[in-house]
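Data first, discussion second: the structure below is written as structure tokens.
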Amino acid sequence: MTEQTTSNQTVHRWYTRPVFFVADVNRAARFYVDMLGFEKAWHSGDGAGKVCQVNHGECEIILCEDATRSDKGRLFIELTADALADLRREFLERAVPTKETRWGYDTLQVDDLMAMNCSSRSPSKR
């Protein structure tokens with residue numbers, strides 16, 4: 001991790017990841033891997049546990065099975081115009097349903113199986 005000293009204060013780089021609570025961790029992981037092109041980074045209990053992480057480039061999401069806590073969440077990803085065009089092509093090839101929405105910006109929304117959504121902002125449309 002990168003550290004920086006400012007005015008006698010050490011500022012640490014925070015490594016953050018969203019945690020999505022889901023009813024079925026295996027089903028959620030399959031959706032992210034098979035439909036959205038993520039890779040499974042790890043899965044607790046040698047694949048039998050209730051927590052796993054899926055990655056797509058630098059985007060890392062922890063999926064945690066807890067039926068009592070599963071509800072809506074959002075992952076907001078800001079992309080360059082080229083990256084958004086590539087993502088649109090990839091989703092088209094994978095037949096991922098998307099919709100154009102507005103969330104402070106024009107966004108491309110993908111709803112996953114657990115009713116959560118991932119939105120990508122088009123940088124050219126502020």
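Just so we're on the same page: first chain in the structure tokens is A, next is B, and so on; residues restart at 1 for each chain, and ligands are numbered from 1 in the order they show up.
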Hey, which bits of range 20-49 of chain A sit within 9 Å of range 74-95 of chain A, and for each residue what's the closest pair of atoms and how far apart in Å (one decimal), counting only C-alpha atoms, rows by chain and increasing number, as JSON lines?
```
{"residue": "A:Phe20", "atom": "CA", "partner": "A:Arg74", "partner_atom": "CA", "distance": 8.7}
{"residue": "A:Asp34", "atom": "CA", "partner": "A:Arg94", "partner_atom": "CA", "distance": 8.6}
{"residue": "A:Met35", "atom": "CA", "partner": "A:Arg94", "partner_atom": "CA", "distance": 6.3}
{"residue": "A:Leu36", "atom": "CA", "partner": "A:Phe91", "partner_atom": "CA", "distance": 7.1}
{"residue": "A:Gly37", "atom": "CA", "partner": "A:Glu90", "partner_atom": "CA", "distance": 8.4}
```
Polymer residues at most 8 Å from Trp42 in chain A, only C-alpha atoms, same-chain spacing of 4 or more positions, as a short mmCIF file (atom, residue, chain, number, x, y, z; two decimals) with N, CA and C atoms, in the first residue's frame:
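Saved the output as around_33.cif:
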```cif
data_model
loop_
_atom_site.label_atom_id
_atom_site.label_comp_id
_atom_site.auth_asym_id
_atom_site.auth_seq_id
_atom_site.Cartn_x
_atom_site.Cartn_y
_atom_site.Cartn_z
N GLY A 47 -14.12 -22.93 -1.83
CA GLY A 47 -15.22 -22.93 -2.79
C GLY A 47 -16.56 -23.33 -2.21
N CYS A 52 -17.22 -14.81 -1.38
CA CYS A 52 -16.25 -14.88 -2.47
C CYS A 52 -16.01 -13.48 -3.02
N GLN A 53 -14.98 -13.37 -3.82
CA GLN A 53 -14.70 -12.09 -4.48
C GLN A 53 -14.62 -12.31 -5.97
N VAL A 54 -15.24 -11.39 -6.72
CA VAL A 54 -15.17 -11.41 -8.17
C VAL A 54 -14.50 -10.11 -8.62
#
```
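Relative to CA of Ile61 in chain A, CA of Val19 in chain A is found at 6.2 Å.
Here the question is which of A:Pro97, A:Gly73, A:Asn55, A:Cys64 gets nearest to Val33 in chain A using only C-alpha atoms, and that residue is A:Asn55.
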DSSP-assigned alpha helix (DSSP H) members of range 15-103 of chain A, reported as JSON, numbers by chain:
{"A": [25, 26, 27, 28, 29, 30, 81, 82, 83, 84, 85, 86, 87, 88, 89, 90, 91, 92, 93, 94]}
Take the residues from that selection and write them out as a short mmCIF file (atom, residue, chain, number, x, y, z; two decimals), in the first residue's frame, keeping C-alpha atoms.
```cif
data_model
loop_
_atom_site.label_atom_id
_atom_site.label_comp_id
_atom_site.auth_asym_id
_atom_site.auth_seq_id
_atom_site.Cartn_x
_atom_site.Cartn_y
_atom_site.Cartn_z
CA VAL A 25 -23.36 -16.76 -3.33
CA ASN A 26 -22.79 -19.44 -5.99
CA ARG A 27 -25.65 -18.20 -8.17
CA ALA A 28 -24.47 -14.59 -7.80
CA ALA A 29 -20.86 -15.53 -8.63
CA ARG A 30 -21.99 -17.43 -11.75
CA ALA A 81 -15.46 6.96 -23.43
CA ASP A 82 -13.31 4.20 -25.01
CA ALA A 83 -13.76 1.90 -22.01
CA LEU A 84 -17.51 2.42 -22.04
CA ALA A 85 -17.65 1.63 -25.78
CA ASP A 86 -15.67 -1.59 -25.13
CA LEU A 87 -18.02 -2.49 -22.26
CA ARG A 88 -21.08 -1.94 -24.45
CA ARG A 89 -19.59 -4.24 -27.12
CA GLU A 90 -18.76 -6.90 -24.53
CA PHE A 91 -22.27 -6.76 -23.05
CA LEU A 92 -23.78 -6.97 -26.53
CA GLU A 93 -21.67 -10.07 -27.31
CA ARG A 94 -22.69 -11.66 -24.00
#
```
Option closest in space to Phe21 in chain A, from A:Lys40, A:Lys50, A:Arg102, A:His56 [counting only C-alpha atoms]
A:Lys50
